[in-house]
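Undergrad: The structure that follows is given in the form of structure tokens.
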Amino acid sequence: MLMQTESKMQREKDIRHIAFIMDGNGRWAKKRGLPREYGHKVGADVFRKTVEYCDDIGIHCVTVYAFSTENWKRPGHEISAIMLLFKQYLKDAVKTMMKRDIRIVFLGDKSPFPKDVVKQMEEIERDSSQNTKRLNIAMNYGGRAEIVHAVNELIAQGYEKITEEDVTNHLYTLDAPMPDLIVRTGGEQRISNFLMWQSAYSELYFTDVLWPDFTESDVDQAVAEYKRRNRRFGGI
Ligand code: IPE
Ligand code: IPE
Ligand code: MG
């Protein structure tokens with residue numbers, strides 16, 4: 001009986017879904033006297049490594065915040081640099097993800113992206129759709145926009161009264177588990193419109209490490225801290 005309880009407790013400490021607010025690229029570059037774009041370039045490599053490491057340690061759902069609905073406020077040259085890195089990622093994403101049995105889902109409104117990019121994003125989603133593990137890439141994503149989008153879909157389908165489950169099922173994350181742990185690098189302690197609905201009971205972990213400096217050992221530290229937390233979900 002004791003054994004059973006302990007193994008259940010252990011299971012509950014396993015992270016099913018980890019999410020990252022990858023922040024601090026610009027400051028990392030500025031500290032080195034380099035253009036912000038360079039920080040994004042290094043940040044993109046760290047993103048690839050982090051996703052693979054999470055898979056290696058048995059976390060089978062990962063979400064990353066790559067570009068927010070508010071990030072369009074940035075100078076055109078910085079946005080262009082981020083979009084170029086994104087396109088480069090799209091080129092090699094499928095190969096790695098198929099090898100690892102990871103499905104890619106893009107969270108956010110694809111419509112502002114160029115047609116060829118949208119087509120590529122849709123192809124990646126379709127080609128990887130049968131894979132069992134999952135990577136969500138939040139790209140032109142906003143948590144409020146996501147909820148509004150879900151409600152508009154429900155209205156279009158003729159709903160007059162909705163439940164929490166209805167909303168959950170119309171989010172971009174649909175069948176993914178709720179995030180157990182949200183990690184934000186870069187020192188700011190805020191959500192910045194990320195996973196507003198899904199984060200209701202997520203554990204939050206903030207670190208001053210800037211995203212381009214983020215390593216496997218930083219993932220380990222966040223996971224270790226998560227395991228020390230006591231999640232009550234409103235109970236006792
Ligand atoms: C996060 O790094 C990446 C994106 C928002 C695209 P930032 O670019 O926000 O870097 P800081 O916060 O200015 O250092
Ligand atoms: C959050 O970072 C968005 C991403 C990491 C993509 P920001 O740098 O945009 O957030 P704020 O402006 O500090 O809140
Ligand atoms: Mg930032």
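Chain labels run A, B, ... following the order of the structure tokens; each chain numbers its residues from 1, and ligands are numbered from 1 in the order shown.
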Determine, using only C-alpha atoms and all ligand atoms, which residues of chain A have any atom at most 6 Å from an atom of ligand 2, and tabulate each with its shortest atom pair and distance in Å to one decimal place, rows ordered by chain and then rising number, as a tab-separated table.
TA:
residue	atom	partner	partner_atom_place_in_ligand_line	distance
A:Ile21	CA	ligand 2	5 (C)	4.7
A:Met22	CA	ligand 2	5 (C)	4.5
A:Asp23	CA	ligand 2	5 (C)	4.6
A:Tyr65	CA	ligand 2	6 (C)	4.6
A:Ala66	CA	ligand 2	6 (C)	4.1
A:Phe67	CA	ligand 2	6 (C)	3.9
A:Ser68	CA	ligand 2	6 (C)	5.0
A:Asn71	CA	ligand 2	9 (O)	5.6
A:Ser192	CA	ligand 2	14 (O)	4.5
Undergrad: Residues within 8 Å of ligand 3 should be enumerated using only C-alpha atoms and all ligand atoms and returned as a list in words.
TA: Asp23, Gly24, Asn25, Gly26 and Gly186 of chain A
Undergrad: Based on the selection just made, write N, CA, C and O atoms of those residues as a PDB file, in the first residue's frame.
TA:
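Dumped to result-v9.pdb:
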ATOM      1  N   ASP A  23      13.504  34.151 -23.138  1.00  0.00           N
ATOM      2  CA  ASP A  23      13.721  35.598 -23.107  1.00  0.00           C
ATOM      3  C   ASP A  23      15.168  35.947 -22.778  1.00  0.00           C
ATOM      4  O   ASP A  23      15.832  35.224 -22.034  1.00  0.00           O
ATOM      5  N   GLY A  24      15.614  37.069 -23.334  1.00  0.00           N
ATOM      6  CA  GLY A  24      16.944  37.587 -22.996  1.00  0.00           C
ATOM      7  C   GLY A  24      17.939  37.576 -24.148  1.00  0.00           C
ATOM      8  O   GLY A  24      19.114  37.911 -23.942  1.00  0.00           O
ATOM      9  N   ASN A  25      17.496  37.230 -25.341  1.00  0.00           N
ATOM     10  CA  ASN A  25      18.401  37.198 -26.499  1.00  0.00           C
ATOM     11  C   ASN A  25      19.026  38.562 -26.774  1.00  0.00           C
ATOM     12  O   ASN A  25      20.222  38.667 -27.032  1.00  0.00           O
ATOM     13  N   GLY A  26      18.186  39.592 -26.742  1.00  0.00           N
ATOM     14  CA  GLY A  26      18.649  40.941 -27.078  1.00  0.00           C
ATOM     15  C   GLY A  26      19.688  41.428 -26.076  1.00  0.00           C
ATOM     16  O   GLY A  26      20.760  41.930 -26.456  1.00  0.00           O
ATOM     17  N   GLY A 186      15.876  35.094 -18.523  1.00  0.00           N
ATOM     18  CA  GLY A 186      16.048  36.523 -18.786  1.00  0.00           C
ATOM     19  C   GLY A 186      15.704  37.442 -17.633  1.00  0.00           C
ATOM     20  O   GLY A 186      15.810  38.660 -17.764  1.00  0.00           O
TER      21      GLY A 186
END
Undergrad: May I have all residues of stretch 76-132 of chain A that DSSP, computed from the backbone, assigns to strand (DSSP E), given as a count of residues only?
TA: 6
Undergrad: Find the residue from A:Ile104, A:Ile18, A:Met139, A:Ala176 that sits nearest to ligand 1; use only C-alpha atoms and all ligand atoms when measuring.
TA: A:Met139
Undergrad: Using only C-alpha atoms for the distances, tell me which of A:Asp218, A:Asp166, A:Asp213, A:Asp56 is nearest to A:Glu153.
TA: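 For A:Glu153, the nearest of the candidates is A:Asp166.
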Undergrad: Between A:Ala81, A:Leu181, A:Met121, A:Leu34, which has the minimum distance to A:Phe20 (counting only C-alpha atoms)?
TA: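 Answer, going by the shortest atom-to-atom distance: A:Leu181.
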Undergrad: Could you go through stretch 42-123 of chain A and tell me which residues DSSP, when run on the backbone, assigns to helix (DSSP H, G or I), listing them as a compact mmCIF listing (two decimals) with all heavy atoms, in the first residue's frame?
TA:
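Once everything was written out, this is result_6.txt:
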# COMPACT_ATOMS: atom_id res chain seq x y z
N VAL A 42 21.91 32.80 -31.79
CA VAL A 42 22.40 31.87 -30.77
C VAL A 42 21.20 31.26 -30.02
O VAL A 42 21.18 30.06 -29.73
CB VAL A 42 23.38 32.57 -29.80
CG1 VAL A 42 23.85 31.61 -28.71
CG2 VAL A 42 24.58 33.12 -30.57
N GLY A 43 20.20 32.09 -29.78
CA GLY A 43 18.99 31.62 -29.10
C GLY A 43 18.31 30.48 -29.86
O GLY A 43 17.78 29.54 -29.26
N ALA A 44 18.34 30.57 -31.19
CA ALA A 44 17.71 29.52 -32.01
C ALA A 44 18.44 28.19 -31.82
O ALA A 44 17.81 27.12 -31.77
CB ALA A 44 17.71 29.94 -33.48
N ASP A 45 19.77 28.23 -31.69
CA ASP A 45 20.53 26.99 -31.45
C ASP A 45 20.20 26.41 -30.07
O ASP A 45 20.05 25.20 -29.91
CB ASP A 45 22.04 27.25 -31.53
CG ASP A 45 22.47 27.63 -32.94
OD1 ASP A 45 21.78 27.21 -33.90
OD2 ASP A 45 23.48 28.36 -33.08
N VAL A 46 20.08 27.31 -29.09
CA VAL A 46 19.75 26.86 -27.74
C VAL A 46 18.35 26.23 -27.72
O VAL A 46 18.12 25.23 -27.05
CB VAL A 46 19.86 28.03 -26.73
CG1 VAL A 46 19.33 27.64 -25.36
CG2 VAL A 46 21.31 28.51 -26.64
N PHE A 47 17.45 26.81 -28.48
CA PHE A 47 16.10 26.25 -28.61
C PHE A 47 16.16 24.80 -29.11
O PHE A 47 15.58 23.88 -28.54
CB PHE A 47 15.26 27.15 -29.53
CG PHE A 47 14.19 26.45 -30.30
CD1 PHE A 47 13.09 25.91 -29.64
CD2 PHE A 47 14.27 26.31 -31.69
CE1 PHE A 47 12.09 25.24 -30.35
CE2 PHE A 47 13.29 25.65 -32.40
CZ PHE A 47 12.20 25.11 -31.73
N ARG A 48 16.93 24.58 -30.19
CA ARG A 48 17.04 23.21 -30.74
C ARG A 48 17.58 22.24 -29.69
O ARG A 48 17.05 21.14 -29.50
CB ARG A 48 18.00 23.20 -31.94
CG ARG A 48 17.44 23.78 -33.22
CD ARG A 48 18.56 23.74 -34.27
NE ARG A 48 18.13 24.08 -35.62
CZ ARG A 48 18.02 25.32 -36.08
NH1 ARG A 48 18.25 26.34 -35.29
NH2 ARG A 48 17.66 25.54 -37.33
N LYS A 49 18.66 22.67 -29.03
CA LYS A 49 19.30 21.78 -28.04
C LYS A 49 18.37 21.50 -26.87
O LYS A 49 18.31 20.38 -26.37
CB LYS A 49 20.59 22.43 -27.51
CG LYS A 49 21.74 22.30 -28.47
CD LYS A 49 23.04 22.74 -27.80
CE LYS A 49 24.04 23.18 -28.86
NZ LYS A 49 24.78 24.40 -28.50
N THR A 50 17.66 22.54 -26.42
CA THR A 50 16.80 22.38 -25.25
C THR A 50 15.66 21.40 -25.54
O THR A 50 15.33 20.55 -24.71
CB THR A 50 16.24 23.75 -24.81
OG1 THR A 50 17.34 24.64 -24.61
CG2 THR A 50 15.43 23.65 -23.53
N VAL A 51 15.07 21.53 -26.73
CA VAL A 51 13.97 20.64 -27.10
C VAL A 51 14.45 19.19 -27.10
O VAL A 51 13.80 18.30 -26.56
CB VAL A 51 13.40 21.03 -28.49
CG1 VAL A 51 12.46 19.96 -29.01
CG2 VAL A 51 12.70 22.38 -28.42
N GLU A 52 15.63 18.97 -27.68
CA GLU A 52 16.15 17.60 -27.75
C GLU A 52 16.50 17.07 -26.36
O GLU A 52 16.27 15.90 -26.04
CB GLU A 52 17.36 17.53 -28.69
CG GLU A 52 16.92 17.86 -30.12
CD GLU A 52 17.97 17.50 -31.16
OE1 GLU A 52 18.80 16.62 -30.91
OE2 GLU A 52 17.94 18.12 -32.25
N TYR A 53 17.04 17.95 -25.52
CA TYR A 53 17.39 17.52 -24.17
C TYR A 53 16.14 17.13 -23.38
O TYR A 53 16.14 16.13 -22.66
CB TYR A 53 18.19 18.61 -23.44
CG TYR A 53 18.63 18.15 -22.07
CD1 TYR A 53 19.52 17.08 -21.94
CD2 TYR A 53 18.13 18.74 -20.91
CE1 TYR A 53 19.91 16.63 -20.68
CE2 TYR A 53 18.51 18.29 -19.65
CZ TYR A 53 19.40 17.23 -19.55
OH TYR A 53 19.77 16.77 -18.30
N CYS A 54 15.09 17.91 -23.51
CA CYS A 54 13.85 17.59 -22.78
C CYS A 54 13.35 16.21 -23.21
O CYS A 54 12.91 15.40 -22.38
CB CYS A 54 12.78 18.65 -23.03
SG CYS A 54 13.16 20.20 -22.20
N ASP A 55 13.44 15.94 -24.50
CA ASP A 55 13.04 14.63 -25.00
C ASP A 55 13.94 13.55 -24.38
O ASP A 55 13.45 12.51 -23.91
CB ASP A 55 13.13 14.62 -26.54
CG ASP A 55 12.65 13.30 -27.12
OD1 ASP A 55 11.74 12.68 -26.55
OD2 ASP A 55 13.19 12.89 -28.17
N ASP A 56 15.25 13.81 -24.35
CA ASP A 56 16.20 12.84 -23.79
C ASP A 56 15.86 12.50 -22.33
O ASP A 56 16.07 11.37 -21.90
CB ASP A 56 17.64 13.39 -23.83
CG ASP A 56 18.16 13.49 -25.27
OD1 ASP A 56 17.59 12.82 -26.16
OD2 ASP A 56 19.13 14.25 -25.49
N ASN A 71 5.22 41.16 -30.31
CA ASN A 71 6.58 41.35 -30.82
C ASN A 71 6.63 42.05 -32.19
O ASN A 71 7.71 42.49 -32.61
CB ASN A 71 7.34 40.01 -30.88
CG ASN A 71 7.74 39.47 -29.53
OD1 ASN A 71 7.77 38.27 -29.30
ND2 ASN A 71 8.06 40.35 -28.58
N TRP A 72 5.48 42.22 -32.83
CA TRP A 72 5.44 42.99 -34.10
C TRP A 72 5.79 44.46 -33.86
O TRP A 72 6.04 45.19 -34.80
CB TRP A 72 4.05 42.90 -34.75
CG TRP A 72 3.66 41.50 -35.16
CD1 TRP A 72 2.75 40.70 -34.53
CD2 TRP A 72 4.16 40.74 -36.27
NE1 TRP A 72 2.66 39.48 -35.18
CE2 TRP A 72 3.51 39.48 -36.25
CE3 TRP A 72 5.11 40.99 -37.28
CZ2 TRP A 72 3.76 38.49 -37.19
CZ3 TRP A 72 5.36 40.00 -38.22
CH2 TRP A 72 4.69 38.77 -38.17
N LYS A 73 5.78 44.88 -32.59
CA LYS A 73 6.14 46.28 -32.28
C LYS A 73 7.62 46.54 -32.48
O LYS A 73 8.06 47.68 -32.37
CB LYS A 73 5.83 46.58 -30.79
CG LYS A 73 4.37 46.59 -30.43
CD LYS A 73 4.25 46.85 -28.92
CE LYS A 73 2.86 46.56 -28.42
NZ LYS A 73 2.87 46.32 -26.96
N GLY A 76 11.65 46.68 -37.82
CA GLY A 76 11.52 45.77 -38.96
C GLY A 76 12.72 44.86 -39.15
O GLY A 76 12.56 43.66 -39.42
N HIS A 77 13.92 45.40 -38.96
CA HIS A 77 15.11 44.57 -39.22
C HIS A 77 15.22 43.43 -38.21
O HIS A 77 15.67 42.34 -38.55
CB HIS A 77 16.39 45.41 -39.26
CG HIS A 77 16.66 46.20 -38.00
ND1 HIS A 77 17.35 45.69 -36.95
CD2 HIS A 77 16.28 47.45 -37.65
CE1 HIS A 77 17.40 46.61 -35.98
NE2 HIS A 77 16.76 47.69 -36.38
N GLU A 78 14.77 43.69 -36.97
CA GLU A 78 14.83 42.61 -35.97
C GLU A 78 13.77 41.54 -36.29
O GLU A 78 14.05 40.33 -36.22
CB GLU A 78 14.61 43.16 -34.55
CG GLU A 78 14.73 42.05 -33.51
CD GLU A 78 14.71 42.54 -32.06
OE1 GLU A 78 14.95 43.75 -31.81
OE2 GLU A 78 14.45 41.70 -31.17
N ILE A 79 12.59 41.98 -36.68
CA ILE A 79 11.52 41.02 -37.04
C ILE A 79 11.99 40.16 -38.24
O ILE A 79 11.86 38.94 -38.23
CB ILE A 79 10.20 41.75 -37.37
CG1 ILE A 79 9.68 42.46 -36.10
CG2 ILE A 79 9.14 40.78 -37.91
CD1 ILE A 79 8.44 43.31 -36.31
N SER A 80 12.58 40.82 -39.23
CA SER A 80 13.05 40.08 -40.42
C SER A 80 14.07 39.02 -40.01
O SER A 80 14.06 37.90 -40.54
CB SER A 80 13.72 41.01 -41.43
OG SER A 80 12.83 42.01 -41.81
N ALA A 81 14.97 39.39 -39.10
CA ALA A 81 16.00 38.43 -38.68
C ALA A 81 15.35 37.23 -37.98
O ALA A 81 15.74 36.08 -38.24
CB ALA A 81 17.00 39.11 -37.75
N ILE A 82 14.36 37.49 -37.15
CA ILE A 82 13.68 36.38 -36.45
C ILE A 82 12.96 35.49 -37.47
O ILE A 82 13.02 34.26 -37.38
CB ILE A 82 12.70 36.93 -35.38
CG1 ILE A 82 13.47 37.64 -34.25
CG2 ILE A 82 11.83 35.80 -34.80
CD1 ILE A 82 12.61 38.41 -33.27
N MET A 83 12.30 36.11 -38.45
CA MET A 83 11.57 35.34 -39.47
C MET A 83 12.52 34.48 -40.30
O MET A 83 12.19 33.35 -40.66
CB MET A 83 10.74 36.27 -40.38
CG MET A 83 9.61 36.96 -39.66
SD MET A 83 8.51 35.80 -38.79
CE MET A 83 7.87 36.84 -37.48
N LEU A 84 13.69 35.03 -40.58
CA LEU A 84 14.68 34.27 -41.35
C LEU A 84 15.14 33.04 -40.56
O LEU A 84 15.21 31.93 -41.10
CB LEU A 84 15.87 35.17 -41.71
CG LEU A 84 16.88 34.56 -42.67
CD1 LEU A 84 16.22 34.30 -44.03
CD2 LEU A 84 18.10 35.47 -42.84
N LEU A 85 15.40 33.23 -39.29
CA LEU A 85 15.80 32.10 -38.43
C LEU A 85 14.69 31.07 -38.36
O LEU A 85 14.94 29.86 -38.37
CB LEU A 85 16.14 32.60 -37.02
CG LEU A 85 17.45 33.39 -36.90
CD1 LEU A 85 17.50 34.15 -35.58
CD2 LEU A 85 18.65 32.45 -37.02
N PHE A 86 13.47 31.55 -38.31
CA PHE A 86 12.31 30.65 -38.25
C PHE A 86 12.24 29.81 -39.52
O PHE A 86 12.08 28.59 -39.46
CB PHE A 86 11.04 31.49 -38.05
CG PHE A 86 9.78 30.67 -37.97
CD1 PHE A 86 9.63 29.68 -37.02
CD2 PHE A 86 8.73 30.91 -38.85
CE1 PHE A 86 8.46 28.93 -36.94
CE2 PHE A 86 7.56 30.16 -38.79
CZ PHE A 86 7.43 29.17 -37.84
N LYS A 87 12.42 30.48 -40.67
CA LYS A 87 12.39 29.75 -41.95
C LYS A 87 13.50 28.71 -42.01
O LYS A 87 13.30 27.59 -42.50
CB LYS A 87 12.55 30.73 -43.12
CG LYS A 87 11.24 31.36 -43.53
CD LYS A 87 11.27 31.74 -45.00
CE LYS A 87 11.25 33.24 -45.13
NZ LYS A 87 11.31 33.74 -46.50
N GLN A 88 14.67 29.08 -41.51
CA GLN A 88 15.79 28.11 -41.51
C GLN A 88 15.45 26.92 -40.63
O GLN A 88 15.75 25.78 -40.97
CB GLN A 88 17.07 28.79 -41.01
CG GLN A 88 17.66 29.72 -42.05
CD GLN A 88 18.76 30.63 -41.48
OE1 GLN A 88 18.98 30.69 -40.28
NE2 GLN A 88 19.45 31.32 -42.36
N TYR A 89 14.80 27.20 -39.52
CA TYR A 89 14.41 26.11 -38.62
C TYR A 89 13.41 25.18 -39.31
O TYR A 89 13.54 23.95 -39.23
CB TYR A 89 13.82 26.66 -37.32
CG TYR A 89 13.27 25.55 -36.46
CD1 TYR A 89 14.13 24.67 -35.81
CD2 TYR A 89 11.90 25.33 -36.35
CE1 TYR A 89 13.63 23.61 -35.07
CE2 TYR A 89 11.40 24.28 -35.60
CZ TYR A 89 12.27 23.43 -34.96
OH TYR A 89 11.79 22.37 -34.24
N LEU A 90 12.45 25.77 -40.02
CA LEU A 90 11.43 24.96 -40.68
C LEU A 90 12.05 23.96 -41.64
O LEU A 90 11.55 22.84 -41.80
CB LEU A 90 10.44 25.86 -41.44
CG LEU A 90 9.53 26.75 -40.59
CD1 LEU A 90 8.60 27.56 -41.49
CD2 LEU A 90 8.71 25.93 -39.59
N LYS A 91 13.16 24.38 -42.28
CA LYS A 91 13.81 23.52 -43.26
C LYS A 91 14.29 22.21 -42.65
O LYS A 91 14.18 21.16 -43.25
CB LYS A 91 14.99 24.26 -43.91
CG LYS A 91 14.66 24.70 -45.34
CD LYS A 91 15.91 25.15 -46.07
CE LYS A 91 16.18 26.63 -45.80
NZ LYS A 91 17.52 27.07 -46.16
N ASP A 92 14.91 22.29 -41.45
CA ASP A 92 15.47 21.05 -40.90
C ASP A 92 14.66 20.44 -39.75
O ASP A 92 15.01 19.39 -39.22
CB ASP A 92 16.94 21.21 -40.52
CG ASP A 92 17.15 22.32 -39.50
OD1 ASP A 92 16.33 22.45 -38.57
OD2 ASP A 92 18.13 23.06 -39.64
N ALA A 93 13.57 21.11 -39.40
CA ALA A 93 12.80 20.66 -38.23
C ALA A 93 12.26 19.24 -38.42
O ALA A 93 12.39 18.39 -37.54
CB ALA A 93 11.65 21.62 -37.97
N VAL A 94 11.68 19.01 -39.60
CA VAL A 94 10.97 17.75 -39.81
C VAL A 94 11.87 16.54 -39.61
O VAL A 94 11.50 15.59 -38.92
CB VAL A 94 10.34 17.72 -41.22
CG1 VAL A 94 9.76 16.35 -41.53
CG2 VAL A 94 9.23 18.76 -41.29
N LYS A 95 13.08 16.63 -40.19
CA LYS A 95 13.98 15.48 -40.13
C LYS A 95 14.24 15.05 -38.68
O LYS A 95 14.05 13.89 -38.32
CB LYS A 95 15.31 15.81 -40.83
CG LYS A 95 15.66 14.79 -41.89
CD LYS A 95 17.06 14.98 -42.45
CE LYS A 95 17.16 16.25 -43.30
NZ LYS A 95 18.51 16.79 -43.41
N THR A 96 14.66 16.02 -37.87
CA THR A 96 14.97 15.71 -36.46
C THR A 96 13.73 15.22 -35.73
O THR A 96 13.78 14.26 -34.95
CB THR A 96 15.43 16.99 -35.72
OG1 THR A 96 16.09 17.83 -36.62
CG2 THR A 96 16.29 16.67 -34.52
N MET A 97 12.61 15.87 -35.98
CA MET A 97 11.41 15.56 -35.22
C MET A 97 10.84 14.20 -35.60
O MET A 97 10.32 13.48 -34.76
CB MET A 97 10.37 16.66 -35.39
CG MET A 97 10.81 17.98 -34.81
SD MET A 97 11.26 17.85 -33.04
CE MET A 97 12.78 18.71 -33.01
N MET A 98 10.98 13.81 -36.88
CA MET A 98 10.49 12.50 -37.30
C MET A 98 11.34 11.41 -36.64
O MET A 98 10.83 10.41 -36.16
CB MET A 98 10.53 12.34 -38.82
CG MET A 98 9.54 13.22 -39.59
SD MET A 98 7.84 13.19 -38.99
CE MET A 98 7.25 11.68 -39.76
N LYS A 99 12.66 11.68 -36.60
CA LYS A 99 13.58 10.72 -35.98
C LYS A 99 13.21 10.49 -34.52
O LYS A 99 13.33 9.40 -33.98
CB LYS A 99 15.02 11.24 -36.07
CG LYS A 99 15.95 10.33 -36.85
CD LYS A 99 17.38 10.81 -36.77
CE LYS A 99 17.62 12.00 -37.71
NZ LYS A 99 18.89 12.69 -37.52
N LYS A 115 2.87 33.39 -47.69
CA LYS A 115 2.17 32.16 -48.12
C LYS A 115 3.04 30.92 -48.10
O LYS A 115 2.61 29.85 -47.67
CB LYS A 115 1.63 32.37 -49.55
CG LYS A 115 0.20 32.85 -49.60
CD LYS A 115 -0.47 32.43 -50.92
CE LYS A 115 -1.82 33.11 -51.06
NZ LYS A 115 -1.75 34.40 -51.82
N ASP A 116 4.29 31.06 -48.59
CA ASP A 116 5.16 29.88 -48.65
C ASP A 116 5.50 29.38 -47.24
O ASP A 116 5.63 28.17 -47.01
CB ASP A 116 6.44 30.19 -49.45
CG ASP A 116 7.27 31.30 -48.85
OD1 ASP A 116 6.69 32.34 -48.45
OD2 ASP A 116 8.51 31.15 -48.75
N VAL A 117 5.61 30.32 -46.29
CA VAL A 117 5.91 29.92 -44.91
C VAL A 117 4.71 29.19 -44.30
O VAL A 117 4.86 28.15 -43.65
CB VAL A 117 6.31 31.15 -44.06
CG1 VAL A 117 6.49 30.78 -42.59
CG2 VAL A 117 7.59 31.78 -44.61
N VAL A 118 3.51 29.73 -44.55
CA VAL A 118 2.29 29.10 -44.03
C VAL A 118 2.19 27.68 -44.57
O VAL A 118 1.89 26.72 -43.84
CB VAL A 118 1.03 29.91 -44.41
CG1 VAL A 118 -0.24 29.19 -43.98
CG2 VAL A 118 1.08 31.30 -43.77
N LYS A 119 2.49 27.54 -45.86
CA LYS A 119 2.40 26.23 -46.50
C LYS A 119 3.37 25.25 -45.83
O LYS A 119 3.02 24.11 -45.52
CB LYS A 119 2.73 26.37 -48.00
CG LYS A 119 2.38 25.16 -48.82
CD LYS A 119 2.42 25.44 -50.32
CE LYS A 119 2.63 24.14 -51.07
NZ LYS A 119 4.00 23.97 -51.60
N GLN A 120 4.57 25.74 -45.58
CA GLN A 120 5.59 24.90 -44.92
C GLN A 120 5.15 24.51 -43.51
O GLN A 120 5.33 23.36 -43.10
CB GLN A 120 6.88 25.69 -44.84
CG GLN A 120 8.07 24.98 -45.43
CD GLN A 120 9.31 25.83 -45.29
OE1 GLN A 120 9.24 27.07 -45.34
NE2 GLN A 120 10.45 25.19 -45.12
N MET A 121 4.59 25.47 -42.79
CA MET A 121 4.14 25.19 -41.42
C MET A 121 3.05 24.12 -41.46
O MET A 121 3.07 23.17 -40.66
CB MET A 121 3.60 26.47 -40.76
CG MET A 121 4.66 27.51 -40.44
SD MET A 121 3.95 29.14 -40.07
CE MET A 121 3.59 29.00 -38.34
N GLU A 122 2.13 24.25 -42.40
CA GLU A 122 1.03 23.28 -42.49
C GLU A 122 1.53 21.90 -42.88
O GLU A 122 1.05 20.88 -42.38
CB GLU A 122 -0.03 23.78 -43.48
CG GLU A 122 -0.86 24.90 -42.88
CD GLU A 122 -1.76 25.63 -43.86
OE1 GLU A 122 -1.67 25.38 -45.09
OE2 GLU A 122 -2.56 26.48 -43.41
N GLU A 123 2.53 21.88 -43.77
CA GLU A 123 3.10 20.59 -44.19
C GLU A 123 3.77 19.89 -43.01
O GLU A 123 3.61 18.68 -42.81
CB GLU A 123 4.12 20.79 -45.30
CG GLU A 123 3.47 20.82 -46.68
CD GLU A 123 4.44 21.28 -47.77
OE1 GLU A 123 5.67 21.30 -47.52
OE2 GLU A 123 3.96 21.65 -48.85
Undergrad: Measure the distance from atom CA of A:Ile102 to atom CA of A:Val167 in Å and round it to one decimal.
TA: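 So the two atoms, atom CA of A:Ile102 and atom CA of A:Val167, lie 25.1 Å apart.
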Undergrad: Taking only C-alpha atoms and all ligand atoms into account, name the residue in A:Lys13, A:Arg184, A:Lys110, A:Arg134 that is nearest to ligand 1.
TA: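 Selected residue with least distance to ligand 1: A:Arg184.
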Undergrad: Counting only C-alpha atoms, what is within 7 Å of A:His17, bar same-chain residues fewer than 2 positions away, as a list in words?
TA: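 Non-adjacent residues within range: Ile15, Ala19, Ile59, His60, Cys61, Val62, Pro177, Met178, Pro179, Asp180 and Leu181 of chain A.
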Undergrad: Could you please take those selected residues and save N, CA, C and O atoms as a compact mmCIF listing (two decimals), in the first residue's frame?
TA:
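Below is the file result-v4.txt, written as the result:
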# COMPACT_ATOMS: atom_id res chain seq x y z
N ILE A 15 7.17 15.39 -15.10
CA ILE A 15 6.68 16.50 -15.90
C ILE A 15 6.15 15.96 -17.22
O ILE A 15 6.88 15.32 -17.97
N ALA A 19 7.10 24.22 -20.49
CA ALA A 19 7.01 25.34 -21.45
C ALA A 19 8.10 26.36 -21.14
O ALA A 19 8.46 26.56 -19.97
N ILE A 59 10.70 14.16 -21.07
CA ILE A 59 9.56 15.09 -21.06
C ILE A 59 9.00 15.11 -22.50
O ILE A 59 9.68 15.56 -23.42
N HIS A 60 7.79 14.61 -22.64
CA HIS A 60 7.31 14.34 -23.99
C HIS A 60 6.42 15.41 -24.59
O HIS A 60 5.91 15.25 -25.70
N CYS A 61 6.22 16.50 -23.86
CA CYS A 61 5.52 17.63 -24.46
C CYS A 61 6.27 18.91 -24.07
O CYS A 61 6.49 19.17 -22.88
N VAL A 62 6.68 19.67 -25.07
CA VAL A 62 7.44 20.90 -24.84
C VAL A 62 6.76 22.02 -25.63
O VAL A 62 6.35 21.81 -26.77
N PRO A 177 -1.43 18.09 -22.79
CA PRO A 177 -1.73 18.27 -21.36
C PRO A 177 -1.46 19.72 -20.96
O PRO A 177 -0.74 20.44 -21.67
N MET A 178 -2.02 20.16 -19.84
CA MET A 178 -1.73 21.51 -19.34
C MET A 178 -0.26 21.56 -18.92
O MET A 178 0.28 20.55 -18.45
N PRO A 179 0.40 22.71 -19.09
CA PRO A 179 1.82 22.75 -18.70
C PRO A 179 2.01 22.57 -17.20
O PRO A 179 1.37 23.24 -16.39
N ASP A 180 2.89 21.64 -16.82
CA ASP A 180 3.20 21.44 -15.40
C ASP A 180 4.14 22.54 -14.93
O ASP A 180 4.02 23.04 -13.82
N LEU A 181 5.07 22.89 -15.80
CA LEU A 181 6.12 23.83 -15.41
C LEU A 181 6.35 24.83 -16.54
O LEU A 181 6.52 24.44 -17.70
Undergrad: Show which residues sit within 7 Å of A:Leu195, as a list in words. Count only C-alpha atoms, and ignore same-chain residues fewer than 3 positions away.
TA: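 Near neighbours after the sequence-gap exclusion: Gly143, Gln198 and Ser199 of chain A.
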Undergrad: Kindly save the residues from that selection, with N, CA and C atoms included, as a compact mmCIF listing (two decimals), in the first residue's frame.
TA:
# COMPACT_ATOMS: atom_id res chain seq x y z
N GLY A 143 -1.88 34.76 -25.61
CA GLY A 143 -2.83 33.98 -24.82
C GLY A 143 -4.25 34.53 -24.92
N GLN A 198 -4.04 27.99 -20.06
CA GLN A 198 -3.42 26.72 -19.70
C GLN A 198 -2.58 26.81 -18.43
N SER A 199 -2.12 28.02 -18.07
CA SER A 199 -1.17 28.15 -16.96
C SER A 199 -1.85 28.28 -15.60
Undergrad: Smallest atom-to-atom distance to A:Ala145: which of A:Pro75, A:Gly108, A:Pro212, A:Pro114, using only C-alpha atoms?
TA: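 Nearest candidate to A:Ala145 out of A:Pro75, A:Gly108, A:Pro212, A:Pro114: A:Gly108.
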Undergrad: Quick one: pull the distance between atom CA of A:Phe214 and atom CA of A:Ile57, Å, one decimal.
TA: 16.3 Å
Undergrad: Work out how far apart atom CA of A:Ile147 and atom CA of A:Asn169 are and give it in Å to one decimal.
TA: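 Atom CA of A:Ile147 sits 10.8 Å away from atom CA of A:Asn169.
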Undergrad: Quick one: of A:Asp109, A:Glu37, A:Glu125, A:Asp175, who's nearest to ligand 1, counting only C-alpha atoms and all ligand atoms?
TA: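 Of the candidates, the smallest distance to ligand 1 is held by A:Glu37.
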